[in-house]
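Chemist: Have a look at this one.
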Amino acid sequence: MNYHAEYEKWLQSGVLTAEELQELRSIADDEKEIESRFYGPLEFGTAGLRGTMKMGLHQMNVYVIRWATQGFANVICAEGDDAKKRGVAICMDCRNHSMEFARAAAEVCAANGIHVRMFESLRPTPELSFAVREYGCQAGINVTASHNPKEYNGYKVYWADGAQLPPQHADAIAKELEQIDIFTGVNRMEFMDAVNNGMIEVMGEETDRRFMARVTDMINDRDSMAKVADTFKMVYTPFHGCGYQLVPEALRALGVKHLYCVPEQMVIDGNFPTVVSPNPENPEGFYLAVDLANQVGADFILGTDPDSDRVGILVRDDTGAFIPVTGNQTGVLMLDYLIGAMKRAGKMPAHPYFLKTIVTTEMARKVAESNGVTSCDTFTGFKFMAEKKNHLENEGIGQVIMSYEESYGYMLGDYVRDKDAVTASMLLTEMAAWYAAQGMTLYDALQALYKKYGWYGEKTHNLVMPGLDGLEKMAKLMKSLRENPPAQIAGTKVVVRKDYSNGSVVDCTGGGVSTMELRGSNVLRFELDDGTTILVRPSGTEPKIKVYILTIGKDAAERDLNLEKYSKWVAILQ
C-alpha cells in the first residue's frame with residue numbers, strides 16, 4: 001500500500017471534520033508518523049482490532065470502526081434473514097470515544113438491516129457475552145481495549161455462543177474488508193433514526209438483573225461469610241472502569257458488610273488519572289487501595305480492569321505487608337477452593353473438567369487431577385476455552401467447573417463464554433471468607449497448597465518489539481528458534497520440543513517425532529529434564545514476544561533459583 005496516497009485520500013475524502021483534518025495536516029512534515037498511520041490497515045483477527053486512537057488507517061477511529069463493522073455486517077447478513085433478525089448485542093467500556101465508537105457500530109449494523117441491542121452505558125465485558133446468549137443474538141460487538149493504556153481502544157467481536165469470534169469468521173471478515181472502501185463502501189443510518197424505527201433497542205437495568213441473578217446463583221457458601229462478616233474487611237477498586245457498580249453489588253449479595261471502595265478510582269474516567277496503567281497485573285496500580293486497606297484494617301484487596309473481565313488480588317503476607325498474588329496463584333487457589341466448596345454444597349457434576357491454557361501453571365493440572373477433576377489444555381484465549389467447553393458439554397463428555405489463564409482471567413458458570421471478573425470477584429471473596437473462618441489468610445492458604453501439591457513457580461517475560469520493524473523482529477526470533485532450536489537452556493538439557501504451529505513433538509533424547517492434537521498456533525514449547533517448561537509465542541494484540549517459564553523445585557528456594565536462572569536466558573533473546 002502507498003501510504004502517501006492513502007494519507008492524501010483521507011485528506012481529500014470530504015467527510016472528515018475540521019478537527020480531524022487539522023490532526024492529519026499537523027503531521028504533513030513527519031514522514032515516519034504518516035507511514036506509521038497509513039502503511040496498512042489494522043489487522044482484523046480473532047481478537048478483533050486494537051490500536052491507539054488517532055486519525056489514520058492503522059489507528060482506532062470512527063472511520064475504521066464503521067469499516068470493520070461493515071465487514072462484520074456482511075458476514076452476519078450472509079447467514080440469512082434469521083441472523084439479521086436475531087441481531088447483534090453491543091457494549092462499551094469507559095475509554096475515551098468508546099460510546100462514540102459503539103454508536104457508530106450500531107449505525108452500520110442498523111443500516112444493513114441487522115437488529116441491534118445496545119447497552120445504554122458502559123457495562124462489564126462478561127455481561128456482553130451473557131447478553132448475546134440470553135437474547136439469542138447472532139453476534140456481539142464490544143468496544144474496549146481491556147487493560148491497555150489510555151491511548152488505546154479496541155473492537156472485539158463475538159459469535160452466537162457468546163465467545164469471541166472463531167478463526168473462520170475472523171478470516172471471512174478480513175476478506176470482506178479487503179473489498180470495502182473505508183469511506184464509500186460503508187452503509188450507515190443515523191442513530192436516532194434507527195432507534196425510532198426499532199432497529200436499535202437499548203438495554204439497561206433489566207439485563208443487569210438477569211445477569212446478576214446468574215452471578216449470585218454461583219455462591220456456594222454463604223455461611224462462612226456470615227460467620228466472619230462482622231470482622232471481614234476488604235478493599236475494592238475498579239480502576240475507573242466498568243466494575244464500579246456490579247462488582248460491589250455481587251460482593252454485598254454474598255454478605256460482605258465491610259466493603260471499602262477506593263473513592264478516587266470509583267470515578268469513571270477513560271484517562272485513568274490515578275494510574276500509569278489500569279491493569280490489575282501491575283501491583284503498583286494498587287497503591288491507593290493499599291493505603292485505604294491499611295487505614296481501615298482490611299486484609300484483602302481486589303481490583304478489576306477497565307472492562308471488568310480481569311481481576312487481581314493482594315493479600316497480607318506473614319509480615320503483615322500486602323503482596324500481589326499472581327494470576328497463576330489466584331487460579332490455583334480458586335480451583336482448589338471451588339472443588340472443595342462444590343463438593344460441600346453438593347454441586348459437583350458427575351464428570352467435572354477443568355480447562356487451562358498451554359502457558360498456564362502445571363500446578364493447576366496437579367490440583368485438578370489430585371481431586372478427581374480432568375484437566376485439559378487449550379491455546380491462549382477464552383474463545384478456545386469456550387470452544388472446548390461447548391464440545392465437552394454438548395457431547396455429554398463432562399461439565400467444565402472452571403477455566404482460567406495466567407493473565408488474570410477466569411471463566412465460571414454456564415452463562416458467559418469469556419473472562420468474567422464479576423463472578424470471579426465474588427467467588428474469590430467467598431474463598432477469602434471461608435479461609436478466614438478457618439483462621440487462615442489467603443497467604444497461609446497458598447503456602448499450604450505449595451506444601452501439598454509442590455513448589456511450582458512461574459514467570460512471564462515480555463520482549464517488546466515496537467515500531468514498523470517490530471513484526472519483522474518477532475518473526476525473525478521465532479524462525480531462529482525453529483531452525484536452530486537450543487539443545488540446552490541455561491545449562492539444562494532440552495528433552496522434548498513441541499511446535500504448536502504444526503503439532504510436532506520431537507523427543508530430543510531418542511530422536512523420535514510424533515504429533516499432538518493441538519496445532520495451528522505460533523507457539524514453541526521446550527521441556528527440560530529438571531521439570532521446567534519454557535514457552536515462546538508472539539502476543540496476539542501487542543508488539544511483543546511473550547516467554548513463559550513454568551518450573552518446580554523441591555522447595556521455595558530451588559524454585560526461585562530456577563526462575564532466576566532461566567530468566568537470564570530469556571534476557572539474551574532480545
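Going through the C-alpha cells in order, the chains are called A, B, and so on, while each chain numbers its residues from 1 and the ligands are numbered from 1 in the order shown.
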For Glu284 in chain A, find every residue with an atom within 12 Å (counting only C-alpha atoms), except residues of its own chain fewer than 2 positions away, and show them as a list in words.
Modeler: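 Residues meeting the cut-off are Thr274, Val275, Val276, Ser277, Pro278, Asn279, Pro280, Glu281, Asn282, Phe286, Tyr287, Leu288, Ala289, Val290, Asp291, Gly303, Gly312, Leu314, Phe322, Ile323 and Pro324 of chain A.
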Chemist: Could you pull out the alpha helix (DSSP H) residues of range 232-288 of chain A from DSSP and send them as an NGL selection string?
Modeler: :A and (243-254 or 287-288)
Chemist: Check the smallest atom-to-atom distance from each of A:Ile76, A:Met53, A:Met411, A:Val296 to Glu151 in chain A using only C-alpha atoms, then report the winner.
Modeler: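 Closest to Glu151 in chain A, using only C-alpha atoms: A:Met53.
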Chemist: Set the distance at 7 Å and use only C-alpha atoms: which residues neighbour Cys508 in chain A once local chain neighbours fewer than 5 positions away are removed? I'd like the list as number ranges by chain.
Modeler: A: 494-496
Chemist: Report as a list in words all protein, DNA and RNA residues lying within 7 Å of Gly255 in chain A, evaluated on only C-alpha atoms, omitting residues in the same chain fewer than 3 positions from it.
Modeler: Met225, Ala226, Ala229, Leu251 and Arg252 of chain A
Chemist: Convert the current residue selection to file output with N, CA, C and O atoms, as a compact mmCIF listing (two decimals), in the first residue's frame.
Modeler:
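Saved as again23.txt:
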```
# COMPACT_ATOMS: atom_id res chain seq x y z
N MET A 225 -19.17 -16.65 55.13
CA MET A 225 -19.16 -15.19 55.13
C MET A 225 -19.95 -14.66 56.32
O MET A 225 -19.54 -13.71 56.99
N ALA A 226 -21.09 -15.28 56.62
CA ALA A 226 -21.91 -14.83 57.75
C ALA A 226 -21.15 -14.96 59.07
O ALA A 226 -21.27 -14.10 59.96
N ALA A 229 -18.47 -12.03 58.87
CA ALA A 229 -18.89 -10.76 58.25
C ALA A 229 -18.63 -9.54 59.14
O ALA A 229 -18.32 -8.45 58.63
N LEU A 251 -20.61 -8.52 45.68
CA LEU A 251 -19.97 -8.73 46.98
C LEU A 251 -20.95 -8.54 48.12
O LEU A 251 -20.95 -9.29 49.10
N ARG A 252 -21.81 -7.55 48.00
CA ARG A 252 -22.81 -7.32 49.06
C ARG A 252 -23.85 -8.44 49.05
O ARG A 252 -24.35 -8.83 50.11
```
Chemist: Give me the residues near range 95-111 of chain A as number ranges by chain, where near means some atom within 7 Å (using only C-alpha atoms) and where sequence neighbours in that chain fewer than 2 positions away do not count.
Modeler: A: 62, 65-66, 69-70, 73, 90-93, 113-116, 143-144, 187-191, 194, 199-200, 270
Chemist: Just give me the gap between CA of Gly140 in chain A and CA of Tyr158 in chain A in Å, one decimal is fine.
Modeler: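 So the two atoms, CA of Gly140 in chain A and CA of Tyr158 in chain A, lie 4.6 Å apart.
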Chemist: Give me every strand (DSSP E or B) residue in range 422-484 of chain A, going by DSSP on the backbone, as JSON, numbers by chain.
Modeler: {"A": [455, 456, 457, 458, 459, 460, 461, 462, 463, 464]}
Chemist: So that I have them on file, write out the residues from the current selection with N, CA, C and O atoms, as an mmCIF file, in the first residue's frame.
Modeler:
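Okay, part-v4.cif is ready:
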```cif
data_model
loop_
_atom_site.group_PDB
_atom_site.id
_atom_site.type_symbol
_atom_site.label_atom_id
_atom_site.label_comp_id
_atom_site.auth_asym_id
_atom_site.auth_seq_id
_atom_site.Cartn_x
_atom_site.Cartn_y
_atom_site.Cartn_z
ATOM 1 N N TRP A 455 6.216 -27.218 44.913
ATOM 2 C CA TRP A 455 6.681 -25.835 44.879
ATOM 3 C C TRP A 455 6.845 -25.369 43.423
ATOM 4 O O TRP A 455 7.931 -25.279 42.883
ATOM 5 N N TYR A 456 5.703 -25.101 42.821
ATOM 6 C CA TYR A 456 5.669 -24.617 41.440
ATOM 7 C C TYR A 456 5.942 -23.119 41.395
ATOM 8 O O TYR A 456 5.652 -22.384 42.350
ATOM 9 N N GLY A 457 6.500 -22.684 40.273
ATOM 10 C CA GLY A 457 6.751 -21.250 40.098
ATOM 11 C C GLY A 457 6.661 -20.869 38.636
ATOM 12 O O GLY A 457 6.956 -21.680 37.749
ATOM 13 N N GLU A 458 6.252 -19.649 38.367
ATOM 14 C CA GLU A 458 6.057 -19.174 37.003
ATOM 15 C C GLU A 458 6.534 -17.735 36.867
ATOM 16 O O GLU A 458 6.448 -16.955 37.811
ATOM 17 N N LYS A 459 7.008 -17.402 35.698
ATOM 18 C CA LYS A 459 7.366 -16.030 35.393
ATOM 19 C C LYS A 459 7.162 -15.788 33.904
ATOM 20 O O LYS A 459 7.548 -16.625 33.076
ATOM 21 N N THR A 460 6.548 -14.666 33.573
ATOM 22 C CA THR A 460 6.324 -14.308 32.176
ATOM 23 C C THR A 460 7.178 -13.105 31.821
ATOM 24 O O THR A 460 7.176 -12.109 32.544
ATOM 25 N N HIS A 461 7.916 -13.194 30.725
ATOM 26 C CA HIS A 461 8.734 -12.088 30.237
ATOM 27 C C HIS A 461 8.125 -11.558 28.942
ATOM 28 O O HIS A 461 7.723 -12.334 28.070
ATOM 29 N N ASN A 462 8.074 -10.243 28.815
ATOM 30 C CA ASN A 462 7.572 -9.594 27.611
ATOM 31 C C ASN A 462 8.731 -8.949 26.867
ATOM 32 O O ASN A 462 9.323 -7.979 27.352
ATOM 33 N N LEU A 463 9.073 -9.493 25.717
ATOM 34 C CA LEU A 463 10.137 -8.925 24.900
ATOM 35 C C LEU A 463 9.495 -7.960 23.910
ATOM 36 O O LEU A 463 9.003 -8.360 22.847
ATOM 37 N N VAL A 464 9.444 -6.688 24.285
ATOM 38 C CA VAL A 464 8.728 -5.683 23.496
ATOM 39 C C VAL A 464 9.523 -5.340 22.244
ATOM 40 O O VAL A 464 10.726 -5.075 22.300
#
```
Chemist: Extract, using only C-alpha atoms, all DNA, RNA and protein residues at most 8 Å from Leu427 in chain A, discarding same-chain residues fewer than 2 positions from it, and format them as a PDB file with N, CA and C atoms, in the first residue's frame.
Modeler:
```
ATOM      1  N   MET A 218     -24.140 -18.536  41.666  1.00  0.00           N
ATOM      2  CA  MET A 218     -22.862 -19.236  41.760  1.00  0.00           C
ATOM      3  C   MET A 218     -22.325 -19.306  43.195  1.00  0.00           C
ATOM      4  N   ILE A 219     -22.959 -18.626  44.121  1.00  0.00           N
ATOM      5  CA  ILE A 219     -22.499 -18.660  45.517  1.00  0.00           C
ATOM      6  C   ILE A 219     -22.617 -20.082  46.060  1.00  0.00           C
ATOM      7  N   MET A 334      -8.270 -20.577  43.661  1.00  0.00           N
ATOM      8  CA  MET A 334      -9.694 -20.660  43.384  1.00  0.00           C
ATOM      9  C   MET A 334     -10.108 -22.059  42.950  1.00  0.00           C
ATOM     10  N   THR A 423     -18.135 -12.395  38.400  1.00  0.00           N
ATOM     11  CA  THR A 423     -18.324 -13.673  39.103  1.00  0.00           C
ATOM     12  C   THR A 423     -17.057 -14.077  39.855  1.00  0.00           C
ATOM     13  N   ALA A 424     -15.898 -13.913  39.216  1.00  0.00           N
ATOM     14  CA  ALA A 424     -14.642 -14.298  39.864  1.00  0.00           C
ATOM     15  C   ALA A 424     -14.397 -13.483  41.124  1.00  0.00           C
ATOM     16  N   SER A 425     -14.704 -12.191  41.096  1.00  0.00           N
ATOM     17  CA  SER A 425     -14.516 -11.349  42.283  1.00  0.00           C
ATOM     18  C   SER A 425     -15.349 -11.863  43.451  1.00  0.00           C
ATOM     19  N   THR A 429     -13.806 -13.682  46.889  1.00  0.00           N
ATOM     20  CA  THR A 429     -14.165 -13.144  48.204  1.00  0.00           C
ATOM     21  C   THR A 429     -14.782 -14.227  49.076  1.00  0.00           C
ATOM     22  N   GLU A 430     -15.631 -15.067  48.468  1.00  0.00           N
ATOM     23  CA  GLU A 430     -16.191 -16.209  49.202  1.00  0.00           C
ATOM     24  C   GLU A 430     -15.067 -17.090  49.725  1.00  0.00           C
ATOM     25  N   MET A 431     -14.066 -17.302  48.882  1.00  0.00           N
ATOM     26  CA  MET A 431     -12.911 -18.116  49.269  1.00  0.00           C
ATOM     27  C   MET A 431     -12.153 -17.481  50.429  1.00  0.00           C
TER      28      MET A 431
END
```
Chemist: So which residues touch Leu24 in chain A within 10 Å, counting only C-alpha atoms, skipping near sequence neighbours fewer than 4 positions away, as a list in words?
Modeler: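 Result of the neighbour search: Tyr7, Glu8, Trp10, Leu11, Leu16, Glu19, Glu20, Ala28, Glu33, Ile34, Arg37, Lys54, Met55 and Gly56 of chain A.
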Chemist: For the residues selected in the previous step, produce a file with N, CA and C atoms as a short mmCIF file (atom, residue, chain, number, x, y, z; two decimals), in the first residue's frame.
Modeler:
```
data_model
loop_
_atom_site.label_atom_id
_atom_site.label_comp_id
_atom_site.auth_asym_id
_atom_site.auth_seq_id
_atom_site.Cartn_x
_atom_site.Cartn_y
_atom_site.Cartn_z
N TYR A 7 -2.78 8.61 2.72
CA TYR A 7 -2.82 9.86 3.50
C TYR A 7 -3.58 10.93 2.73
N GLU A 8 -3.27 11.08 1.46
CA GLU A 8 -3.94 12.09 0.63
C GLU A 8 -5.42 11.74 0.44
N TRP A 10 -7.36 10.35 2.59
CA TRP A 10 -8.07 10.79 3.79
C TRP A 10 -8.24 12.31 3.78
N LEU A 11 -7.21 13.03 3.40
CA LEU A 11 -7.29 14.50 3.36
C LEU A 11 -8.35 14.97 2.37
N LEU A 16 -14.15 14.13 6.63
CA LEU A 16 -13.52 14.41 7.92
C LEU A 16 -13.96 15.76 8.46
N GLU A 19 -11.63 19.37 12.76
CA GLU A 19 -10.66 18.97 13.78
C GLU A 19 -9.85 17.76 13.31
N GLU A 20 -10.51 16.82 12.67
CA GLU A 20 -9.81 15.63 12.16
C GLU A 20 -8.84 16.00 11.04
N ALA A 28 1.97 16.64 8.38
CA ALA A 28 2.36 16.70 6.96
C ALA A 28 3.87 16.61 6.75
N GLU A 33 5.63 9.45 10.94
CA GLU A 33 4.30 9.40 11.52
C GLU A 33 3.25 9.09 10.46
N ILE A 34 3.40 9.68 9.29
CA ILE A 34 2.47 9.39 8.19
C ILE A 34 2.54 7.90 7.83
N ARG A 37 0.85 5.62 10.39
CA ARG A 37 -0.61 5.69 10.43
C ARG A 37 -1.28 5.12 9.17
N LYS A 54 -6.16 7.58 16.98
CA LYS A 54 -5.69 8.68 16.14
C LYS A 54 -6.40 8.58 14.79
N MET A 55 -6.28 9.64 13.98
CA MET A 55 -6.74 9.56 12.61
C MET A 55 -5.75 8.72 11.80
N GLY A 56 -6.26 7.85 10.94
CA GLY A 56 -5.39 7.04 10.11
C GLY A 56 -5.94 5.65 9.93
#
```
Chemist: Of the candidates A:Gly198, A:Phe239, A:Asp81, A:Leu392, which one gets nearest to Met266 in chain A if we count only C-alpha atoms?
Modeler: A:Phe239
Chemist: Rounded to one decimal, what separation in Å do you get between CA of Gly491 in chain A and CA of Ala571 in chain A?
Modeler: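 Between CA of Gly491 in chain A and CA of Ala571 in chain A the gap is 15.0 Å.
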Chemist: So which one's closest to Phe272 in chain A, A:Leu563, A:Cys94, A:Val186, A:Ala139? Using only C-alpha atoms, please.
Modeler: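 Residue with the minimum atom-to-atom distance to Phe272 in chain A: A:Cys94.
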